[in-house]
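Listing of structure16.tsv, TSV, C-alpha atoms
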```tsv
chain	number	residue	atom	x	y	z
P	1	MET	CA	31.01	2.22	2.88
P	2	THR	CA	32.36	0.30	5.86
P	3	GLU	CA	31.95	-3.45	5.98
P	4	GLU	CA	29.34	-4.68	8.44
P	5	ARG	CA	30.45	-7.23	11.02
P	6	GLY	CA	29.33	-10.66	9.87
P	7	ALA	CA	29.08	-9.79	6.17
P	8	TRP	CA	29.71	-12.53	3.62
P	9	LYS	CA	31.95	-11.97	0.59
P	10	THR	CA	30.77	-13.01	-2.87
P	11	TYR	CA	33.35	-13.70	-5.57
P	12	GLY	CA	30.93	-14.54	-8.36
P	13	GLU	CA	28.10	-16.80	-9.35
P	14	ARG	CA	27.49	-19.27	-12.17
P	15	LEU	CA	24.03	-20.25	-13.37
P	16	VAL	CA	23.24	-23.95	-13.35
P	17	TYR	CA	19.56	-23.63	-14.33
P	18	ASP	CA	17.77	-20.74	-16.04
P	19	ASN	CA	14.24	-20.15	-17.31
P	20	ARG	CA	11.63	-17.39	-17.18
P	21	TRP	CA	10.39	-18.25	-13.69
P	22	VAL	CA	13.39	-19.55	-11.77
P	23	LYS	CA	17.16	-19.43	-11.95
P	24	VAL	CA	19.49	-21.51	-9.80
P	25	GLY	CA	23.04	-20.38	-9.28
P	26	LEU	CA	26.12	-21.53	-7.44
P	27	ALA	CA	27.65	-18.54	-5.70
P	28	ASP	CA	31.33	-18.54	-4.72
P	29	VAL	CA	31.08	-17.17	-1.16
P	30	GLU	CA	33.21	-16.70	1.92
P	31	ALA	CA	31.52	-16.78	5.31
P	32	PRO	CA	32.60	-14.48	8.17
P	33	ASN	CA	34.62	-17.36	9.67
P	34	GLY	CA	36.83	-17.47	6.53
P	35	GLU	CA	35.38	-20.65	5.04
P	36	ARG	CA	34.79	-20.49	1.29
P	37	TRP	CA	32.51	-22.71	-0.84
P	38	GLU	CA	29.82	-22.75	-3.52
P	39	TYR	CA	26.39	-21.90	-2.13
P	40	HIS	CA	23.12	-22.64	-3.95
P	41	VAL	CA	21.04	-19.54	-4.61
P	42	VAL	CA	17.55	-19.54	-6.14
P	43	HIS	CA	16.49	-16.40	-8.05
P	44	LEU	CA	12.78	-15.83	-8.63
P	45	GLY	CA	11.27	-13.01	-10.67
P	46	ARG	CA	9.86	-9.83	-9.11
P	47	ILE	CA	6.25	-10.22	-7.96
P	48	ALA	CA	3.75	-7.37	-7.68
P	49	ILE	CA	0.68	-7.71	-5.46
P	50	ALA	CA	-2.49	-5.64	-5.26
P	51	LEU	CA	-4.15	-5.04	-1.90
P	52	ILE	CA	-7.57	-3.61	-2.72
P	53	VAL	CA	-9.54	-2.54	0.36
P	54	ASP	CA	-13.11	-1.32	0.13
P	55	ASP	CA	-15.18	1.07	2.28
P	56	GLN	CA	-16.61	-1.90	4.20
P	57	ASP	CA	-13.13	-2.84	5.48
P	58	ARG	CA	-12.76	-5.86	3.20
P	59	ALA	CA	-9.90	-6.98	0.98
P	60	LEU	CA	-10.38	-8.46	-2.48
P	61	MET	CA	-8.91	-11.98	-2.55
P	62	LEU	CA	-8.98	-15.21	-4.46
P	63	TRP	CA	-9.80	-18.52	-2.71
P	64	ARG	CA	-7.69	-21.04	-4.59
P	65	TYR	CA	-5.66	-24.23	-4.56
P	66	ARG	CA	-1.83	-24.36	-4.59
P	67	PHE	CA	-0.58	-27.76	-5.70
P	68	ALA	CA	3.05	-27.35	-4.53
P	69	THR	CA	1.93	-27.19	-0.88
P	70	ASP	CA	-1.38	-29.04	-1.41
P	71	GLN	CA	-3.30	-26.16	0.20
P	72	TRP	CA	-6.53	-24.27	-0.26
P	73	GLY	CA	-6.63	-20.70	0.96
P	74	TYR	CA	-6.94	-17.00	0.25
P	75	GLU	CA	-4.42	-15.00	-1.75
P	76	LEU	CA	-4.21	-11.39	-2.74
P	77	LEU	CA	-4.08	-10.76	-6.47
P	78	GLY	CA	-0.80	-10.36	-8.29
P	79	GLY	CA	1.88	-11.95	-10.36
P	80	LEU	CA	5.23	-11.89	-12.11
P	81	VAL	CA	6.42	-8.50	-13.38
P	82	ASP	CA	7.00	-8.76	-17.13
P	83	ASP	CA	10.12	-7.31	-18.74
P	84	GLY	CA	9.63	-3.59	-19.32
P	85	GLU	CA	6.55	-3.43	-17.08
P	86	GLU	CA	6.33	-1.30	-13.95
P	87	SER	CA	5.57	-3.22	-10.77
P	88	ALA	CA	2.43	-1.19	-9.95
P	89	GLY	CA	1.14	-1.77	-13.48
P	90	THR	CA	1.62	-5.51	-13.06
P	91	ALA	CA	-0.32	-5.50	-9.78
P	92	ALA	CA	-3.23	-3.64	-11.40
P	93	ARG	CA	-3.23	-5.83	-14.53
P	94	GLU	CA	-3.07	-9.08	-12.55
P	95	ALA	CA	-5.86	-7.95	-10.21
P	96	ALA	CA	-8.17	-7.27	-13.15
P	97	GLU	CA	-7.27	-10.51	-14.96
P	98	GLU	CA	-7.62	-12.71	-11.88
P	99	SER	CA	-10.73	-11.14	-10.35
P	100	GLY	CA	-12.64	-9.07	-12.89
P	101	TRP	CA	-12.12	-6.03	-10.61
P	102	GLU	CA	-9.94	-3.23	-11.96
P	103	PRO	CA	-8.11	-1.02	-9.45
P	104	VAL	CA	-8.98	2.65	-9.93
P	105	GLY	CA	-6.70	5.60	-9.22
P	106	GLU	CA	-3.06	5.87	-8.34
P	107	PRO	CA	-1.69	3.02	-6.23
P	108	GLU	CA	0.08	3.68	-2.97
P	109	HIS	CA	3.27	1.68	-2.49
P	110	LEU	CA	2.69	-0.19	0.76
P	111	ILE	CA	5.89	-2.21	1.22
P	112	SER	CA	8.59	-4.17	-0.64
P	113	PHE	CA	10.44	-7.12	0.84
P	114	GLU	CA	12.40	-10.34	0.27
P	115	PRO	CA	10.60	-13.32	1.88
P	116	LEU	CA	13.53	-15.81	2.01
P	117	PRO	CA	16.82	-13.87	1.96
P	118	GLY	CA	19.01	-16.71	3.23
P	119	GLN	CA	19.09	-18.62	-0.03
P	120	THR	CA	16.53	-17.02	-2.37
P	121	THR	CA	16.04	-13.71	-4.14
P	122	ALA	CA	12.30	-13.17	-4.59
P	123	PRO	CA	11.50	-9.44	-4.53
P	124	MET	CA	7.89	-8.56	-3.77
P	125	ASP	CA	6.20	-5.18	-4.12
P	126	ILE	CA	2.82	-4.52	-2.52
P	127	TYR	CA	0.49	-1.73	-3.71
P	128	LEU	CA	-2.68	-0.46	-2.06
P	129	TRP	CA	-5.84	0.73	-3.80
P	130	ARG	CA	-9.07	1.86	-2.17
P	131	ASN	CA	-11.15	1.98	-5.29
P	132	ALA	CA	-11.98	-0.69	-7.85
P	133	LYS	CA	-14.64	-1.20	-10.47
P	134	HIS	CA	-16.14	-4.47	-11.60
P	135	ILE	CA	-15.33	-4.95	-15.30
P	136	GLY	CA	-16.58	-8.51	-15.82
P	137	GLU	CA	-15.52	-12.07	-15.25
P	138	PRO	CA	-11.87	-13.00	-14.59
P	139	THR	CA	-9.94	-13.55	-17.83
P	140	ASP	CA	-6.95	-15.46	-16.44
P	141	THR	CA	-8.04	-19.08	-16.81
P	142	GLU	CA	-4.86	-20.41	-15.17
P	143	GLU	CA	-5.42	-18.54	-11.91
P	144	GLN	CA	-8.93	-19.76	-11.24
P	145	GLY	CA	-10.61	-19.58	-7.89
P	146	ARG	CA	-13.46	-17.94	-6.04
P	147	VAL	CA	-13.24	-14.15	-5.94
P	148	GLU	CA	-14.29	-12.76	-2.54
P	149	TRP	CA	-14.30	-9.55	-0.57
P	150	VAL	CA	-12.92	-10.86	2.75
P	151	PRO	CA	-13.46	-8.85	5.96
P	152	LEU	CA	-10.14	-7.64	7.37
P	153	SER	CA	-11.45	-8.61	10.81
P	154	ARG	CA	-10.89	-12.25	9.72
P	155	VAL	CA	-7.17	-11.88	8.90
P	156	GLN	CA	-5.84	-13.17	12.22
P	157	GLU	CA	-8.24	-16.13	12.24
P	158	LEU	CA	-7.40	-17.05	8.64
P	159	ALA	CA	-3.68	-16.78	9.34
P	160	GLN	CA	-3.96	-19.08	12.35
P	161	ARG	CA	-5.91	-21.60	10.25
P	162	LYS	CA	-3.17	-21.43	7.57
P	163	GLU	CA	-5.71	-20.15	5.06
P	164	LEU	CA	-3.72	-17.11	3.96
P	165	LEU	CA	-1.38	-18.38	1.27
P	166	GLY	CA	2.07	-16.99	0.68
P	167	ALA	CA	4.33	-14.41	2.23
P	168	GLY	CA	2.99	-11.69	-0.09
P	169	THR	CA	-0.54	-12.09	1.24
P	170	LEU	CA	0.51	-12.40	4.90
P	171	VAL	CA	2.98	-9.51	4.88
P	172	ALA	CA	0.64	-7.21	2.94
P	173	LEU	CA	-2.36	-7.78	5.20
P	174	LEU	CA	-0.47	-7.78	8.51
P	175	TYR	CA	1.59	-4.71	7.54
P	176	TYR	CA	-1.52	-2.84	6.42
P	177	LEU	CA	-3.39	-3.66	9.64
P	178	ALA	CA	-0.40	-2.82	11.86
P	179	SER	CA	0.27	0.50	10.12
P	180	ARG	CA	-3.42	1.37	10.34
P	181	ASN	CA	-3.28	0.86	14.10
P	182	THR	CA	-0.31	3.23	14.42
P	183	GLY	CA	-1.83	5.87	12.17
P	184	ASP	CA	0.78	5.31	9.44
P	185	ALA	CA	-1.55	3.62	6.94
P	186	PRO	CA	-2.31	5.44	3.70
P	187	ARG	CA	-5.51	7.46	3.96
P	188	GLN	CA	-8.71	6.50	2.22
P	189	ASP	CA	-9.50	8.93	-0.60
P	190	GLU	CA	-12.51	7.27	-2.16
P	191	ALA	CA	-14.85	4.44	-1.32
P	192	THR	CA	-14.38	1.27	-3.31
P	193	GLU	CA	-17.15	-0.03	-5.47
P	194	SER	CA	-17.88	-3.53	-4.21
P	195	PRO	CA	-20.55	-6.16	-4.77
```
Since I need it in another form, could you write the structure as structure tokens?
Amino acid sequence: MTEERGAWKTYGERLVYDNRWVKVGLADVEAPNGERWEYHVVHLGRIAIALIVDDQDRALMLWRYRFATDQWGYELLGGLVDDGEESAGTAAREAAEESGWEPVGEPEHLISFEPLPGQTTAPMDIYLWRNAKHIGEPTDTEEQGRVEWVPLSRVQELAQRKELLGAGTLVALLYYLASRNTGDAPRQDEATESP
């Protein structure tokens, strides 16, 4: 493989902080200009997100508060992929725990991405379902909020009002809407049971 122009060289990394949710490392790097130093890198665990869209063109979301940014807003359902768990399984499990709605059928992988590649590794996988069944009340008491089926026609307005929280929610919704407009969106197989 030929080296890309502008590529950085990494000579190693040492961890300076490590727990289940976040690791901070100092990477020994050399920039394209030849300068070499230790660069802080934050490693976050893989996140899996469920985009559940119903036959009324609505997405299942949670209206909630995020203390780190002191914000209220809508988020898609999802969470940290546990060791030994498949990403799609995490998305389905988290959706059911956080909302009381269980995705039905095989998920379609929508997109995977890194939201902050300059200094952070934070892989995100987005999966699409078009069918869900209500199984009861949410069971995840830590992730409390108001469960809502939000019309996709509101996505742009909510984004402009900064009421769509997190890159996972924004990328998933905007990618889904953009791909739908180009005819590349996954096809709807079944209608979603919704309230």
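Shortest separation to Ala50 (chain P) among P:Arg130, P:Arg180, P:Arg20, P:Arg36 occurs at residue P:Arg130, atoms counted being all atoms listed in the file.
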For region 103-108 of chain P: contacts at 6 Å, all atoms listed in the file, fewer than 2 positions along chain excluded, given as a VMD selection string: chain P and resid 92 110 127 to 129 131 to 132
Surrounding residues of Leu177 (chain P) excluding itself and chain neighbours under 5 positions, 12 Å, all atoms listed in the file, as a list in words: Leu51, Val53, Asp57, Arg58, Ala59, Leu110, Pro151, Leu152, Ser153, Arg154, Val155, Gln156, Leu170, Val171, Ala172, Thr182, Gly183, Asp184, Ala185 and Pro186 of chain P
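With all atoms listed in the file as the atoms that count, the minimum distance from Gly34 (chain P) to the choices P:Ile49, P:Ser179, P:Ala96, P:Gly6 is reached by P:Gly6.
Closest to Trp72 (chain P) among P:Pro115, P:Gly168, P:Glu163, P:Ala178 is P:Glu163, based on all atoms listed in the file.
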Kindly provide the residues of region 100-191 of chain P that approach region 38-42 of chain P to within 12 Å, each paired with its closest atom pair and their distance in Å to one decimal, based on all atoms listed in the file, listed by chain and increasing number, as a Markdown table.
```
| residue | atom | partner | partner_atom | distance |
| --- | --- | --- | --- | --- |
| P:Leu116 | CA | P:Val42 | CA | 9.8 |
| P:Pro117 | CA | P:Val41 | CA | 9.6 |
| P:Gly118 | CA | P:Val41 | CA | 8.6 |
| P:Gln119 | CA | P:Val41 | CA | 5.1 |
| P:Thr120 | CA | P:Val42 | CA | 4.6 |
| P:Thr121 | CA | P:Val42 | CA | 6.3 |
| P:Ala122 | CA | P:Val42 | CA | 8.4 |
| P:Pro123 | CA | P:Val42 | CA | 11.9 |
```
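The residue that comes closest to Ile111 (chain P), out of P:Glu30, P:Gly73, P:Gly79, P:Leu173 and on the basis of only C-alpha atoms, is P:Leu173.
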From P:Asp18, P:Tyr74, P:Gly136, P:Ile52, residue lying nearest Ala159 (chain P) [only C-alpha atoms]: P:Tyr74
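You can rank P:Arg14, P:His43, P:Lys162, P:Arg93 by their closest distance to Asp70 (chain P) using all atoms listed in the file, and at the top of that list sits P:Lys162.
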Would you mind listing what lies within 8 Å of region 61-63 of chain P as an mmCIF file with C-alpha atoms, in the coordinates of the input, with only C-alpha atoms counted and same-chain residues fewer than 4 positions away left out?
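Contents of part.cif, as written:
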```
data_model
loop_
_atom_site.group_PDB
_atom_site.id
_atom_site.type_symbol
_atom_site.label_atom_id
_atom_site.label_comp_id
_atom_site.auth_asym_id
_atom_site.auth_seq_id
_atom_site.Cartn_x
_atom_site.Cartn_y
_atom_site.Cartn_z
ATOM 1 C CA TRP P 72 -6.530 -24.270 -0.260
ATOM 2 C CA GLY P 73 -6.630 -20.700 0.960
ATOM 3 C CA TYR P 74 -6.940 -17.000 0.250
ATOM 4 C CA GLU P 75 -4.420 -15.000 -1.750
ATOM 5 C CA LEU P 76 -4.210 -11.390 -2.740
ATOM 6 C CA LEU P 77 -4.080 -10.760 -6.470
ATOM 7 C CA GLU P 98 -7.620 -12.710 -11.880
ATOM 8 C CA SER P 99 -10.730 -11.140 -10.350
ATOM 9 C CA GLY P 145 -10.610 -19.580 -7.890
ATOM 10 C CA ARG P 146 -13.460 -17.940 -6.040
ATOM 11 C CA VAL P 147 -13.240 -14.150 -5.940
ATOM 12 C CA GLU P 148 -14.290 -12.760 -2.540
ATOM 13 C CA TRP P 149 -14.300 -9.550 -0.570
ATOM 14 C CA VAL P 150 -12.920 -10.860 2.750
#
```
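Between CA of Ile47 (chain P) and CA of Asp82 (chain P) the separation is 9.3 Å.
We find CA of Ala27 (chain P) and CA of Gly12 (chain P) to be spaced 5.8 Å apart.
Computed from the coordinates, the CA of Gln71 (chain P) to CA of Tyr176 (chain P) distance equals 24.2 Å.
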